[in-house]
Amino acid sequence: MTRKLLIITGMAAASMLAVTAFQQTPYKLKTPPAAQYSSSRLSIGKVFGDNTTKEQQLPKDVKDAISKCRGAVQKALENRLSRMDVEMPVGANFGVEKKKSSGGRKSSLASLTDGDSSSEEGLTMEKLDTSNRELARLFVEMFQPLGGQHISAVFNDESLADEARAFWKGDLSVECNIVAIDRKGKRSRGGLMGGKKKKKKAVGFASKMAEELEDYGASGPFVLPKDTEVALFVAPGPKELIAIERICNEVGMGTCVILLNARLSRVEKYASNDARKLFEGFEPVWFLGAASQEDAPGCLMHRAYPGKWLLARKPKVGAPKTIAIQDDIFTGEDCAEAYASMEVSDLEKTSEKLAMNVAEWFK
C-alpha cells in the first residue's frame with residue numbers, strides 16, 4: 001500500500017504538502033499554485049527543499065559539509081534510494097550541543113586524517129558518542145517535516161539512547177522515536193572503536209542470531225516502532241549489523257534505512273554472504289574521512305552522491321587539494337598509486353617547511 005506522508009518543506013515552512021514515499025511510478029514534481037498547497041503532492045525528495053548541487057567540491061567547514069550532505073541525501077531520495085550509508089570524520093564536532101562548562105563548542109571537522117586533531121586531549125569515547133549523537137540529531141532535524149512519529153533514531157544500547165533523550169528533551173525540532181537495539185543497556189561500541197573485545201570462537205550466522213535473541217531475553221528481538229518511515233541507525237557495529245540485516249528484510253524497501261558512521265568501508269567480514277550483499281548494496285551517499293594513511297599520508301577521501309570519489313591531499317597550509325578522481329571508492333593500492341604520482345609545487349613545499357618550523361618553535 002502506498003504511504004502518505006505529511007511534510008513541511010525545509011525552505012518554505014508555511015507550505016504543507018502530502019508526499020508519497022518510494023513510489024514505483026515515476027515522480028511528478030510540480031509546483032502547485034499557492035492556494036492549493038494544503039492538498040498538493042510532492043516527492044519525498046523535496047523534503048529538504050530545493051538544494052541543487054553544482055560541481056562537486058570538498059566542503060570548506062562543518063556548515064558546508066552539513067549543507068552538501070543534505071543535498072546528497074536529497075538527491076538520493078529523489079532517485080528513490082532507500083538504503084543509504086553516511087560517514088563523517090571520526091569525532092567531528094558539529095557544534096550542536098553546547099555545554100555550559102565549555103562556554104560554547106566551536107564546530108570542526110576533526111580527524112580528517114587519522115591522528116590529526118586540534119584537540120589536546122585527543123579522541124575519547126565521550127567525544128565519539130557526542131559526535132555520533134550530534135550527527136543523528138542533524139538527520140532527525142532534516143527529516144522533521146515527515147513528522148516525529150515517522151522517524152526513528154536507533155542507538156546501539158539504552159545508555160546511548162538515554163543520553164540522546166536527555167539532550168533532545170523538550171526540543172520540538174528533533175521529535176522522533178529514540179530507541180535502542182540492545183535494551184539491556186550494555187555499552188555496545190560500534191563504528192570505528194569497539195572497546196575491549198572478548199575472545200570468542202568463530203560461529204556461523206545461525207549461532208550469531210541465537211546469541212542476538214539470547215541478549216534481548218524475554219522482550220524479543222529489536223523491532224522498529226510502528227509507522228517508521230525513516231530509520232537512522234547510529235554508529236552500528238558488527239553485532240548491530242546482524243539486527244539491521246533482519247530489520248531490512250522485515251520492513252522492505254518502503255522504509256528508508258540510513259546508516260550513520262557505520263564505517264562499512266572498514267568491515268572486513270560479515271555474518272553471511274547475504275549480509276555482505278545487503279550492506280554492499282547500501283549507497284554511500286556521503287563520505288568524508290581519512291584515506292589509508294599508510295598508502296597516502298595526509299590524504300582524505302570524499303564522495304557526495306551522485307558524484308565520483310575524490311582523493312585529496314591535506315597540506316600543512318591551505319585547503320585540501322584533489323589529486324585523483326574515480327568512480328569507485330579508493331582502495332589502498334589506488335591511494336598509493338595516486339599519492340606516488342601527485343605533483344607538489346615548490347611553493348607548497350616551501351610553505352609546508354615553514355609551517356613545520358613554526359610548529360617546532362611552539363613545542
# chains A, B, ... in the order shown; residues from 1 in each chain; ligands from 1
$ residues_around --residues "region 232-240 of chain A" --least-positions-apart "5" --cutoff "7 Å" --atoms "only C-alpha atoms" --output "list in words"
Asn132, Ala136, Ser152, Ala153, Val154, Phe155, Asn156, Arg189, Gly190, Gly191, Val257, Ile258, Leu259, Leu260, Asn261 and Ala262 of chain A
$ write_last_selection --atoms "all heavy atoms" --output "compact mmCIF listing (two decimals), in the first residue's frame"
# COMPACT_ATOMS: atom_id res chain seq x y z
N ASN A 132 28.63 11.24 17.22
CA ASN A 132 27.61 10.39 16.59
C ASN A 132 26.20 10.87 16.91
O ASN A 132 25.31 10.87 16.06
CB ASN A 132 27.78 8.94 17.06
CG ASN A 132 29.06 8.31 16.55
OD1 ASN A 132 29.55 8.65 15.47
ND2 ASN A 132 29.62 7.39 17.32
N ALA A 136 23.31 12.29 14.37
CA ALA A 136 21.95 11.75 14.38
C ALA A 136 20.93 12.87 14.54
O ALA A 136 19.88 12.88 13.87
CB ALA A 136 21.80 10.73 15.50
N SER A 152 12.77 7.30 13.33
CA SER A 152 13.33 6.53 14.46
C SER A 152 14.84 6.68 14.48
O SER A 152 15.51 6.37 13.50
CB SER A 152 12.96 5.05 14.35
OG SER A 152 11.57 4.86 14.57
N ALA A 153 15.36 7.20 15.59
CA ALA A 153 16.80 7.27 15.80
C ALA A 153 17.19 6.05 16.64
O ALA A 153 16.79 5.94 17.80
CB ALA A 153 17.18 8.56 16.52
N VAL A 154 17.94 5.14 16.04
CA VAL A 154 18.23 3.86 16.68
C VAL A 154 19.68 3.82 17.15
O VAL A 154 20.61 3.86 16.33
CB VAL A 154 17.96 2.69 15.71
CG1 VAL A 154 18.10 1.37 16.45
CG2 VAL A 154 16.59 2.82 15.07
N PHE A 155 19.86 3.74 18.47
CA PHE A 155 21.19 3.68 19.06
C PHE A 155 21.53 2.23 19.41
O PHE A 155 20.66 1.36 19.45
CB PHE A 155 21.27 4.56 20.30
CG PHE A 155 21.18 6.04 19.98
CD1 PHE A 155 19.94 6.66 19.84
CD2 PHE A 155 22.31 6.80 19.79
CE1 PHE A 155 19.84 8.01 19.52
CE2 PHE A 155 22.24 8.15 19.48
CZ PHE A 155 21.00 8.76 19.34
N ASN A 156 22.80 1.98 19.68
CA ASN A 156 23.23 0.61 19.94
C ASN A 156 22.71 0.06 21.26
O ASN A 156 22.40 -1.13 21.36
CB ASN A 156 24.76 0.52 19.93
CG ASN A 156 25.34 0.74 18.55
OD1 ASN A 156 24.62 0.70 17.55
ND2 ASN A 156 26.63 1.00 18.47
N ARG A 189 29.90 -0.84 21.60
CA ARG A 189 30.58 0.20 20.84
C ARG A 189 30.72 -0.20 19.39
O ARG A 189 31.45 -1.12 19.06
CB ARG A 189 31.97 0.48 21.43
CG ARG A 189 31.89 1.01 22.85
CD ARG A 189 31.11 2.31 22.89
NE ARG A 189 31.15 2.90 24.22
CZ ARG A 189 30.57 4.03 24.53
NH1 ARG A 189 29.89 4.68 23.64
NH2 ARG A 189 30.66 4.52 25.74
N GLY A 190 30.02 0.51 18.52
CA GLY A 190 30.10 0.19 17.10
C GLY A 190 30.99 1.16 16.38
O GLY A 190 31.73 1.93 16.98
N GLY A 191 30.91 1.14 15.06
CA GLY A 191 31.67 2.05 14.24
C GLY A 191 33.15 1.78 14.31
O GLY A 191 33.61 0.64 14.25
N VAL A 257 16.25 3.32 5.22
CA VAL A 257 17.21 2.94 6.27
C VAL A 257 18.53 3.66 5.99
O VAL A 257 19.11 3.50 4.91
CB VAL A 257 17.45 1.42 6.31
CG1 VAL A 257 18.51 1.07 7.35
CG2 VAL A 257 16.14 0.69 6.62
N ILE A 258 18.98 4.46 6.95
CA ILE A 258 20.22 5.23 6.79
C ILE A 258 21.19 4.85 7.90
O ILE A 258 20.86 4.90 9.09
CB ILE A 258 19.94 6.74 6.83
CG1 ILE A 258 18.95 7.13 5.73
CG2 ILE A 258 21.24 7.52 6.67
CD1 ILE A 258 18.60 8.61 5.71
N LEU A 259 22.39 4.45 7.51
CA LEU A 259 23.44 4.12 8.47
C LEU A 259 24.32 5.34 8.67
O LEU A 259 24.84 5.91 7.71
CB LEU A 259 24.30 2.95 7.95
CG LEU A 259 23.55 1.67 7.54
CD1 LEU A 259 24.55 0.61 7.08
CD2 LEU A 259 22.70 1.14 8.69
N LEU A 260 24.47 5.76 9.92
CA LEU A 260 25.29 6.93 10.25
C LEU A 260 26.58 6.46 10.93
O LEU A 260 26.54 5.87 12.00
CB LEU A 260 24.53 7.87 11.17
CG LEU A 260 23.19 8.41 10.64
CD1 LEU A 260 22.52 9.29 11.70
CD2 LEU A 260 23.39 9.19 9.35
N ASN A 261 27.70 6.71 10.29
CA ASN A 261 29.02 6.35 10.83
C ASN A 261 29.14 4.86 11.15
O ASN A 261 29.68 4.47 12.18
CB ASN A 261 29.34 7.18 12.08
CG ASN A 261 29.67 8.63 11.75
OD1 ASN A 261 29.93 8.97 10.60
ND2 ASN A 261 29.65 9.49 12.75
N ALA A 262 28.62 4.03 10.26
CA ALA A 262 28.77 2.58 10.44
C ALA A 262 30.18 2.13 10.04
O ALA A 262 30.59 1.02 10.39
CB ALA A 262 27.74 1.84 9.59
$ select_by_dssp --residues "region 263-320 of chain A" --states "alpha helix (DSSP H)" --output "NGL selection string"
:A and (273-280)
$ closest_residue --among "A:Gln149, A:Met253, A:Val73, A:Ser272" --to "Asp85 (chain A)" --atoms "only C-alpha atoms"
A:Val73
$ residues_around --residues "region 121-130 of chain A" --least-positions-apart "6" --cutoff "8 Å" --atoms "only C-alpha atoms" --output "JSON, numbers by chain"
{"A": [90, 91, 160]}
$ closest_atom_pairs --of "region 228-317 of chain A" --to "region 333-338 of chain A" --cutoff "12 Å" --atoms "only C-alpha atoms" --output "CSV"
residue,atom,partner,partner_atom,distance
A:Ala290,CA,A:Cys335,CA,11.0
A:Ala291,CA,A:Cys335,CA,7.3
A:Ser292,CA,A:Cys335,CA,7.1
A:Gln293,CA,A:Cys335,CA,9.0
A:Glu294,CA,A:Ala336,CA,8.3
A:Asp295,CA,A:Ala336,CA,4.5
A:Ala296,CA,A:Cys335,CA,5.6
A:Pro297,CA,A:Ala336,CA,9.2
A:Gly298,CA,A:Cys335,CA,11.1
A:Cys299,CA,A:Cys335,CA,8.6
A:Leu300,CA,A:Cys335,CA,9.6
A:Met301,CA,A:Cys335,CA,9.4
A:Trp309,CA,A:Asp334,CA,11.5
A:Leu310,CA,A:Cys335,CA,10.5
A:Leu311,CA,A:Cys335,CA,7.6
A:Ala312,CA,A:Ala338,CA,9.7
A:Arg313,CA,A:Ala338,CA,10.2
$ select_by_dssp --residues "region 248-360 of chain A" --states "strand (DSSP E)" --output "MDAnalysis selection string"
chainID A and resid 256:260 283:290 299:304 309:313 321:326
$ write_last_selection --atoms "N, CA and C atoms" --output "PDB file, in the first residue's frame"
ATOM      1  N   CYS A 256      12.919   3.812   4.556  1.00  0.00           N
ATOM      2  CA  CYS A 256      14.257   4.340   4.297  1.00  0.00           C
ATOM      3  C   CYS A 256      15.161   4.019   5.488  1.00  0.00           C
ATOM      4  N   VAL A 257      16.251   3.318   5.225  1.00  0.00           N
ATOM      5  CA  VAL A 257      17.213   2.945   6.269  1.00  0.00           C
ATOM      6  C   VAL A 257      18.528   3.661   5.986  1.00  0.00           C
ATOM      7  N   ILE A 258      18.984   4.462   6.946  1.00  0.00           N
ATOM      8  CA  ILE A 258      20.223   5.228   6.787  1.00  0.00           C
ATOM      9  C   ILE A 258      21.195   4.845   7.897  1.00  0.00           C
ATOM     10  N   LEU A 259      22.388   4.447   7.514  1.00  0.00           N
ATOM     11  CA  LEU A 259      23.443   4.117   8.468  1.00  0.00           C
ATOM     12  C   LEU A 259      24.320   5.343   8.673  1.00  0.00           C
ATOM     13  N   LEU A 260      24.472   5.764   9.923  1.00  0.00           N
ATOM     14  CA  LEU A 260      25.289   6.925  10.246  1.00  0.00           C
ATOM     15  C   LEU A 260      26.578   6.464  10.928  1.00  0.00           C
ATOM     16  N   GLU A 283      23.998   2.544  -0.565  1.00  0.00           N
ATOM     17  CA  GLU A 283      24.666   3.575  -1.368  1.00  0.00           C
ATOM     18  C   GLU A 283      25.428   4.547  -0.459  1.00  0.00           C
ATOM     19  N   PRO A 284      26.737   4.716  -0.680  1.00  0.00           N
ATOM     20  CA  PRO A 284      27.493   5.699   0.102  1.00  0.00           C
ATOM     21  C   PRO A 284      27.156   7.109  -0.384  1.00  0.00           C
ATOM     22  N   VAL A 285      26.057   7.653   0.112  1.00  0.00           N
ATOM     23  CA  VAL A 285      25.604   8.950  -0.382  1.00  0.00           C
ATOM     24  C   VAL A 285      26.510  10.081   0.092  1.00  0.00           C
ATOM     25  N   TRP A 286      27.186   9.851   1.210  1.00  0.00           N
ATOM     26  CA  TRP A 286      28.126  10.872   1.709  1.00  0.00           C
ATOM     27  C   TRP A 286      29.274  10.190   2.433  1.00  0.00           C
ATOM     28  N   PHE A 287      30.475  10.548   2.049  1.00  0.00           N
ATOM     29  CA  PHE A 287      31.670  10.027   2.717  1.00  0.00           C
ATOM     30  C   PHE A 287      32.687  11.147   2.813  1.00  0.00           C
ATOM     31  N   LEU A 288      33.175  11.388   4.013  1.00  0.00           N
ATOM     32  CA  LEU A 288      34.244  12.352   4.240  1.00  0.00           C
ATOM     33  C   LEU A 288      35.099  11.827   5.374  1.00  0.00           C
ATOM     34  N   GLY A 289      36.279  11.345   5.043  1.00  0.00           N
ATOM     35  CA  GLY A 289      37.127  10.758   6.068  1.00  0.00           C
ATOM     36  C   GLY A 289      38.529  10.503   5.557  1.00  0.00           C
ATOM     37  N   ALA A 290      39.342   9.977   6.431  1.00  0.00           N
ATOM     38  CA  ALA A 290      40.745   9.740   6.101  1.00  0.00           C
ATOM     39  C   ALA A 290      40.895   8.597   5.113  1.00  0.00           C
ATOM     40  N   CYS A 299      46.166  12.319   3.423  1.00  0.00           N
ATOM     41  CA  CYS A 299      45.123  12.397   2.397  1.00  0.00           C
ATOM     42  C   CYS A 299      43.769  11.989   2.958  1.00  0.00           C
ATOM     43  N   LEU A 300      42.722  12.492   2.324  1.00  0.00           N
ATOM     44  CA  LEU A 300      41.365  12.148   2.725  1.00  0.00           C
ATOM     45  C   LEU A 300      40.555  11.788   1.499  1.00  0.00           C
ATOM     46  N   MET A 301      39.461  11.065   1.726  1.00  0.00           N
ATOM     47  CA  MET A 301      38.545  10.684   0.649  1.00  0.00           C
ATOM     48  C   MET A 301      37.193  11.373   0.849  1.00  0.00           C
ATOM     49  N   HIS A 302      36.555  11.641  -0.283  1.00  0.00           N
ATOM     50  CA  HIS A 302      35.253  12.298  -0.210  1.00  0.00           C
ATOM     51  C   HIS A 302      34.372  11.840  -1.364  1.00  0.00           C
ATOM     52  N   ARG A 303      33.090  11.672  -1.039  1.00  0.00           N
ATOM     53  CA  ARG A 303      32.119  11.394  -2.082  1.00  0.00           C
ATOM     54  C   ARG A 303      30.768  11.950  -1.670  1.00  0.00           C
ATOM     55  N   ALA A 304      30.115  12.645  -2.564  1.00  0.00           N
ATOM     56  CA  ALA A 304      28.766  13.154  -2.356  1.00  0.00           C
ATOM     57  C   ALA A 304      27.922  12.654  -3.511  1.00  0.00           C
ATOM     58  N   TRP A 309      34.219   9.650  -6.540  1.00  0.00           N
ATOM     59  CA  TRP A 309      35.070   9.641  -5.353  1.00  0.00           C
ATOM     60  C   TRP A 309      36.275  10.540  -5.591  1.00  0.00           C
ATOM     61  N   LEU A 310      36.588  11.353  -4.585  1.00  0.00           N
ATOM     62  CA  LEU A 310      37.736  12.244  -4.658  1.00  0.00           C
ATOM     63  C   LEU A 310      38.788  11.808  -3.641  1.00  0.00           C
ATOM     64  N   LEU A 311      40.043  11.871  -4.043  1.00  0.00           N
ATOM     65  CA  LEU A 311      41.165  11.670  -3.118  1.00  0.00           C
ATOM     66  C   LEU A 311      41.889  12.998  -3.049  1.00  0.00           C
ATOM     67  N   ALA A 312      41.985  13.560  -1.868  1.00  0.00           N
ATOM     68  CA  ALA A 312      42.576  14.892  -1.714  1.00  0.00           C
ATOM     69  C   ALA A 312      43.722  14.868  -0.712  1.00  0.00           C
ATOM     70  N   ARG A 313      44.677  15.711  -0.972  1.00  0.00           N
ATOM     71  CA  ARG A 313      45.821  15.838  -0.072  1.00  0.00           C
ATOM     72  C   ARG A 313      45.592  17.041   0.826  1.00  0.00           C
ATOM     73  N   LYS A 321      43.594  19.615  -1.507  1.00  0.00           N
ATOM     74  CA  LYS A 321      43.626  19.692  -2.965  1.00  0.00           C
ATOM     75  C   LYS A 321      43.416  18.304  -3.554  1.00  0.00           C
ATOM     76  N   THR A 322      42.473  18.197  -4.469  1.00  0.00           N
ATOM     77  CA  THR A 322      42.153  16.922  -5.096  1.00  0.00           C
ATOM     78  C   THR A 322      43.322  16.433  -5.946  1.00  0.00           C
ATOM     79  N   ILE A 323      43.724  15.176  -5.748  1.00  0.00           N
ATOM     80  CA  ILE A 323      44.830  14.615  -6.522  1.00  0.00           C
ATOM     81  C   ILE A 323      44.377  13.460  -7.408  1.00  0.00           C
ATOM     82  N   ALA A 324      43.157  12.943  -7.176  1.00  0.00           N
ATOM     83  CA  ALA A 324      42.648  11.852  -8.010  1.00  0.00           C
ATOM     84  C   ALA A 324      41.130  11.784  -7.910  1.00  0.00           C
ATOM     85  N   ILE A 325      40.503  11.345  -9.000  1.00  0.00           N
ATOM     86  CA  ILE A 325      39.052  11.185  -9.060  1.00  0.00           C
ATOM     87  C   ILE A 325      38.747   9.872  -9.762  1.00  0.00           C
ATOM     88  N   GLN A 326      37.815   9.094  -9.207  1.00  0.00           N
ATOM     89  CA  GLN A 326      37.400   7.855  -9.862  1.00  0.00           C
ATOM     90  C   GLN A 326      35.979   7.494  -9.465  1.00  0.00           C
TER      91      GLN A 326
END
$ atom_distance --atom1 "CA of Ser159 (chain A)" --atom2 "CA of Ile181 (chain A)"
11.0 Å
$ atom_distance --atom1 "CA of Thr331 (chain A)" --atom2 "CA of Asn249 (chain A)"
29.5 Å
$ closest_residue --among "A:Met84, A:Leu224, A:Ile151, A:Met342" --to "Leu264 (chain A)" --atoms "only C-alpha atoms"
A:Met84
$ atom_distance --atom1 "CA of Glu175 (chain A)" --atom2 "CA of Leu135 (chain A)"
14.8 Å
$ residues_around --residues "Phe167 (chain A)" --least-positions-apart "6" --cutoff "10 Å" --atoms "only C-alpha atoms" --output "list of chain:residue names"
A:Glu97, A:Lys98, A:Arg133, A:Glu134, A:Arg137
